[in-house]
Amino acid sequence: MITYSKKYWSLPLLLRTQGSAIPNVIPFGLLSAGLCVLWNFIEESYDTDYFVHPYPFQIFAFIVGFLLVFRANHGYVRYNEGRTNLQLMTSKWSDLAAQSLAFDSANLRKPGKHAELLEDCQDFGERVVHVLSLMHACGLQYLRNDKLLSNLKPFEELYSAAFAEARPPANTCDGEWVSRSVRRRFVYDKFSPDLMEITHAFSNAHLGVLGPLTSKEEEKLLHTPERVMACLVWTHDALVRRREQGGLDETPPVVSRMYQVLADGHDAYMQARKLTDTPFPFPYAQLVTFLLAIFAIIAPIVFADKVKNVYLACVLTFITVVSYYGLNEVCKELEDPFLWYPNEL
């Protein structure tokens with residue numbers, strides 16, 4: 001996703017090509033402008049008037065424009081839905097990490113149990129945050145159609161200096177460190193635009209995980225297409241085992257809240273996954289592409305026939321075709337909010 005400034009009436013945006021739809025559609029505009037020159041030459045040579053009135057073309061242009069506007073509206077709905085569910089997924093699993101650590105560390109405040117439960121508290125905290133960060137990273141991988149397990153990197157490798165500063169003091173279960181870790185664990189390393197090649201993009205887009213993957217985790221994730229579900233099972237297992245060990249010693253209604261936010265986060269992930277699994281309807285996309293191709297051929301004829309100045313006719317043809325194709329290009333980006341760099345979420 002590209003962030004940008006709106007200063008100076010947004011004019012600096014015209015100088016940016018990264019993520020822009022304009023460069024992709026300029027060839028269509030140039031092609032139509034060339035056809036306009038050709039038709040203008042034919043009209044002058046044979047003194048032919050193809051259109052008595054442009055009304056038939058106006059109907060056709062209106063139909064194509066309506067289809068594009070409808071597609072743009074549908075694409076923005078998909079884009080906004082993807083962003084909403086992605087944020088909800090992150091929020092819910094962050095809540096679960098914070099609640100698990102807070103509820104479990106409550107045992108340390110009970111008389112006579114601090115030394116006995118401190119080590120178990122730290123082990124549980126590391127395990128649950130590791131699995132949740134792994135589940136979040138696997139969710140992002142699926143949403144962007146990334147199957148490379150090598151893209152899951154420990155934060156020690158991605159942010160070694162920052163991670164070293166954030167380590168908790170020895171023999172403590174520090175709530176402030178937990179808070180910083182939970183916030184940091186969902187940040188993933190965006191790959192640099194100058195390294196980006198669409199066919200190799202994922203190899204430069206690592207996802208951070210708190211703690212290294214164990215050999216068992218790697219083997220399981222490598223052989224299952226449902227990596228998020230596997231992590232979900234591990235999270236439930238960690239919570240149940242800790243409860244059996246005497247941890248998470250809160251009342252059942254309070255503990256049930258943890259399972260609720262875990263399920264809410266998974267539901268948000270499935271809603272976001274729906275957008276990856278269900279593309280924009282093929283017949284509609286095919287029809288729009290077909291009509292745009294016809295539009296790019298007919299528009300030069302109309303402008304060449306009705307605009308007597310050949311230069312002005314070419315300019316108007318170029319602007320019109322680029323506008324229609326540009327809107328369609330924006331629609332294609334919005335419809336798949338997790339896939340296409342650099343406008344992906």
# chains A, B, ... in the order shown; residues from 1 in each chain; ligands from 1

$ residues_around --residues "Asp277 in chain A" --least-positions-apart "4" --cutoff "10 Å" --atoms "only C-alpha atoms" --output "number ranges by chain"
A: 142-143, 145, 270, 272-273, 336

$ write_last_selection --atoms "N, CA, C and O atoms" --output "CSV table (one decimal), in the first residue's frame"
chain,number,residue,atom,x,y,z
A,142,TYR,N,-1.1,-16.6,2.9
A,142,TYR,CA,-2.2,-17.1,2.1
A,142,TYR,C,-2.9,-16.0,1.3
A,142,TYR,O,-3.2,-16.2,0.2
A,143,LEU,N,-3.1,-14.9,2.0
A,143,LEU,CA,-3.8,-13.8,1.3
A,143,LEU,C,-3.1,-13.3,0.1
A,143,LEU,O,-3.8,-12.9,-0.8
A,145,ASN,N,-1.1,-15.2,-1.7
A,145,ASN,CA,-0.8,-16.3,-2.6
A,145,ASN,C,0.7,-16.7,-2.5
A,145,ASN,O,1.3,-17.0,-3.5
A,270,MET,N,-10.9,-15.4,7.7
A,270,MET,CA,-11.7,-16.1,6.6
A,270,MET,C,-12.4,-15.1,5.7
A,270,MET,O,-12.6,-15.4,4.5
A,272,ALA,N,-11.4,-12.1,5.0
A,272,ALA,CA,-10.4,-11.6,4.1
A,272,ALA,C,-9.9,-12.6,3.0
A,272,ALA,O,-9.7,-12.3,1.9
A,273,ARG,N,-9.9,-13.9,3.5
A,273,ARG,CA,-9.5,-14.9,2.6
A,273,ARG,C,-10.5,-15.1,1.4
A,273,ARG,O,-10.2,-15.5,0.3
A,336,ASP,N,-8.4,-7.0,-6.2
A,336,ASP,CA,-7.5,-8.0,-5.5
A,336,ASP,C,-6.6,-7.2,-4.5
A,336,ASP,O,-5.5,-6.9,-4.8

$ residues_around --residues "range 297-309 of chain A" --least-positions-apart "4" --cutoff "9 Å" --atoms "only C-alpha atoms" --output "PyMOL selection string"
chain A and resi 31-41+43+48-51+53-54+57+61+292-293+313-314+316-318+320-321

$ residues_around --residues "Arg242 in chain A" --least-positions-apart "3" --cutoff "10 Å" --atoms "only C-alpha atoms" --output "list in words"
Ser100, Asp104, Asp120, Cys121, Phe124, His236, Asp237, Ala238, Leu239, Gln245, Gly246, Gly247, Leu248 and Asp249 of chain A

$ write_last_selection --atoms "N, CA and C atoms" --output "PDB file, in the first residue's frame"
ATOM      1  N   SER A 100      -3.688 -13.428  27.238  1.00  0.00           N
ATOM      2  CA  SER A 100      -3.058 -14.668  27.699  1.00  0.00           C
ATOM      3  C   SER A 100      -1.915 -14.376  28.659  1.00  0.00           C
ATOM      4  N   ASP A 104      -2.190 -15.047  32.708  1.00  0.00           N
ATOM      5  CA  ASP A 104      -1.273 -16.051  33.240  1.00  0.00           C
ATOM      6  C   ASP A 104      -0.320 -15.455  34.264  1.00  0.00           C
ATOM      7  N   ASP A 120       7.439 -21.347  34.222  1.00  0.00           N
ATOM      8  CA  ASP A 120       6.308 -21.776  33.384  1.00  0.00           C
ATOM      9  C   ASP A 120       5.627 -20.589  32.715  1.00  0.00           C
ATOM     10  N   CYS A 121       5.546 -19.478  33.425  1.00  0.00           N
ATOM     11  CA  CYS A 121       4.922 -18.278  32.857  1.00  0.00           C
ATOM     12  C   CYS A 121       5.706 -17.788  31.648  1.00  0.00           C
ATOM     13  N   PHE A 124       5.284 -20.299  28.693  1.00  0.00           N
ATOM     14  CA  PHE A 124       3.962 -20.171  28.071  1.00  0.00           C
ATOM     15  C   PHE A 124       3.865 -18.885  27.260  1.00  0.00           C
ATOM     16  N   HIS A 236      -4.818 -23.354  20.421  1.00  0.00           N
ATOM     17  CA  HIS A 236      -5.766 -23.991  21.339  1.00  0.00           C
ATOM     18  C   HIS A 236      -5.047 -24.982  22.259  1.00  0.00           C
ATOM     19  N   ASP A 237      -4.139 -25.734  21.702  1.00  0.00           N
ATOM     20  CA  ASP A 237      -3.398 -26.717  22.499  1.00  0.00           C
ATOM     21  C   ASP A 237      -2.585 -26.030  23.598  1.00  0.00           C
ATOM     22  N   ALA A 238      -1.937 -24.898  23.269  1.00  0.00           N
ATOM     23  CA  ALA A 238      -1.144 -24.184  24.271  1.00  0.00           C
ATOM     24  C   ALA A 238      -2.021 -23.645  25.393  1.00  0.00           C
ATOM     25  N   LEU A 239      -3.195 -23.128  25.046  1.00  0.00           N
ATOM     26  CA  LEU A 239      -4.100 -22.597  26.065  1.00  0.00           C
ATOM     27  C   LEU A 239      -4.650 -23.703  26.960  1.00  0.00           C
ATOM     28  N   GLN A 245      -2.081 -27.079  33.613  1.00  0.00           N
ATOM     29  CA  GLN A 245      -0.923 -26.937  34.487  1.00  0.00           C
ATOM     30  C   GLN A 245      -1.180 -26.015  35.665  1.00  0.00           C
ATOM     31  N   GLY A 246      -2.318 -25.379  35.694  1.00  0.00           N
ATOM     32  CA  GLY A 246      -2.631 -24.458  36.780  1.00  0.00           C
ATOM     33  C   GLY A 246      -2.469 -23.000  36.405  1.00  0.00           C
ATOM     34  N   GLY A 247      -2.065 -22.735  35.189  1.00  0.00           N
ATOM     35  CA  GLY A 247      -1.944 -21.354  34.742  1.00  0.00           C
ATOM     36  C   GLY A 247      -3.279 -20.816  34.266  1.00  0.00           C
ATOM     37  N   LEU A 248      -3.272 -19.577  33.804  1.00  0.00           N
ATOM     38  CA  LEU A 248      -4.511 -18.911  33.372  1.00  0.00           C
ATOM     39  C   LEU A 248      -5.590 -19.074  34.442  1.00  0.00           C
ATOM     40  N   ASP A 249      -5.183 -18.834  35.677  1.00  0.00           N
ATOM     41  CA  ASP A 249      -6.049 -19.094  36.828  1.00  0.00           C
ATOM     42  C   ASP A 249      -7.018 -17.938  37.040  1.00  0.00           C
TER      43      ASP A 249
END

$ closest_residue --among "A:Pro337, A:Gly29, A:Pro12, A:Gly19" --to "Leu275 in chain A" --atoms "only C-alpha atoms"
A:Pro337

$ residues_around --residues "Val288 in chain A" --least-positions-apart "4" --cutoff "10 Å" --atoms "only C-alpha atoms" --output "PyMOL selection string"
chain A and resi 64-65+67-68+71+282-284+292-294+325+328

$ closest_residue --among "A:Leu327, A:Val228, A:Val322, A:Met135" --to "Ala296 in chain A" --atoms "only C-alpha atoms"
A:Val322

$ closest_residue --among "A:Leu11, A:Leu149, A:Ile26, A:Leu213" --to "Glu329 in chain A" --atoms "only C-alpha atoms"
A:Ile26

$ atom_distance --atom1 "CA of Ala97 in chain A" --atom2 "CA of Ala268 in chain A"
16.5 Å

$ residues_around --residues "Glu335 in chain A" --least-positions-apart "2" --cutoff "10 Å" --atoms "only C-alpha atoms" --output "list in words"
Arg71, Ala72, Asn73, His74, Gly75, Tyr76, Val77, Arg78, Tyr79, Asn80, Gly82, Leu275, Thr276, Thr278, Pro279, Phe280, Val330, Cys331, Lys332, Glu333, Pro337, Phe338, Leu339 and Trp340 of chain A

$ write_last_selection --atoms "N, CA and C atoms" --output "CSV table (one decimal), in the first residue's frame"
chain,number,residue,atom,x,y,z
A,71,ARG,N,-18.0,-1.4,-11.9
A,71,ARG,CA,-16.8,-2.2,-11.5
A,71,ARG,C,-15.9,-1.5,-10.5
A,72,ALA,N,-15.7,-0.2,-10.7
A,72,ALA,CA,-14.9,0.5,-9.7
A,72,ALA,C,-15.5,0.5,-8.3
A,73,ASN,N,-16.9,0.7,-8.3
A,73,ASN,CA,-17.5,0.7,-7.0
A,73,ASN,C,-17.4,-0.6,-6.3
A,74,HIS,N,-17.6,-1.7,-7.1
A,74,HIS,CA,-17.5,-3.1,-6.5
A,74,HIS,C,-16.0,-3.3,-6.1
A,75,GLY,N,-15.1,-2.8,-6.9
A,75,GLY,CA,-13.7,-3.0,-6.5
A,75,GLY,C,-13.3,-2.3,-5.2
A,76,TYR,N,-13.8,-1.1,-5.0
A,76,TYR,CA,-13.5,-0.4,-3.8
A,76,TYR,C,-14.2,-1.0,-2.6
A,77,VAL,N,-15.4,-1.6,-2.8
A,77,VAL,CA,-16.0,-2.3,-1.7
A,77,VAL,C,-15.1,-3.5,-1.3
A,78,ARG,N,-14.6,-4.3,-2.2
A,78,ARG,CA,-13.7,-5.4,-1.9
A,78,ARG,C,-12.4,-4.9,-1.2
A,79,TYR,N,-11.9,-3.8,-1.7
A,79,TYR,CA,-10.6,-3.2,-1.1
A,79,TYR,C,-10.9,-2.8,0.3
A,80,ASN,N,-11.9,-2.1,0.6
A,80,ASN,CA,-12.2,-1.7,1.9
A,80,ASN,C,-12.6,-2.8,2.8
A,82,GLY,N,-11.4,-5.9,2.5
A,82,GLY,CA,-10.1,-6.5,2.8
A,82,GLY,C,-9.3,-5.8,3.9
A,275,LEU,N,-11.8,-12.9,-0.3
A,275,LEU,CA,-11.5,-12.0,-1.4
A,275,LEU,C,-10.4,-12.6,-2.3
A,276,THR,N,-9.5,-13.4,-1.6
A,276,THR,CA,-8.4,-14.0,-2.4
A,276,THR,C,-8.9,-15.2,-3.1
A,278,THR,N,-12.0,-15.8,-4.1
A,278,THR,CA,-13.1,-15.4,-5.1
A,278,THR,C,-12.8,-14.2,-5.9
A,279,PRO,N,-12.3,-14.4,-7.1
A,279,PRO,CA,-12.0,-13.3,-8.0
A,279,PRO,C,-13.2,-12.5,-8.5
A,280,PHE,N,-13.0,-11.4,-9.1
A,280,PHE,CA,-14.1,-10.7,-9.7
A,280,PHE,C,-14.6,-11.5,-10.8
A,330,VAL,N,-7.4,0.8,-12.6
A,330,VAL,CA,-7.6,1.0,-11.2
A,330,VAL,C,-8.6,-0.1,-10.6
A,331,CYS,N,-9.6,-0.4,-11.3
A,331,CYS,CA,-10.6,-1.4,-10.9
A,331,CYS,C,-9.8,-2.8,-10.7
A,332,LYS,N,-8.9,-3.1,-11.5
A,332,LYS,CA,-8.2,-4.4,-11.4
A,332,LYS,C,-7.4,-4.4,-10.2
A,333,GLU,N,-6.8,-3.2,-9.8
A,333,GLU,CA,-6.0,-3.2,-8.6
A,333,GLU,C,-6.8,-3.3,-7.3
A,337,PRO,N,-7.1,-6.9,-3.3
A,337,PRO,CA,-6.4,-6.0,-2.4
A,337,PRO,C,-5.1,-6.6,-1.8
A,338,PHE,N,-4.9,-7.9,-1.9
A,338,PHE,CA,-3.7,-8.5,-1.3
A,338,PHE,C,-2.7,-8.9,-2.3
A,339,LEU,N,-2.9,-8.8,-3.6
A,339,LEU,CA,-2.0,-9.5,-4.5
A,339,LEU,C,-1.0,-8.6,-5.2
A,340,TRP,N,-1.4,-7.5,-5.7
A,340,TRP,CA,-0.6,-6.8,-6.7
A,340,TRP,C,0.3,-5.7,-6.1
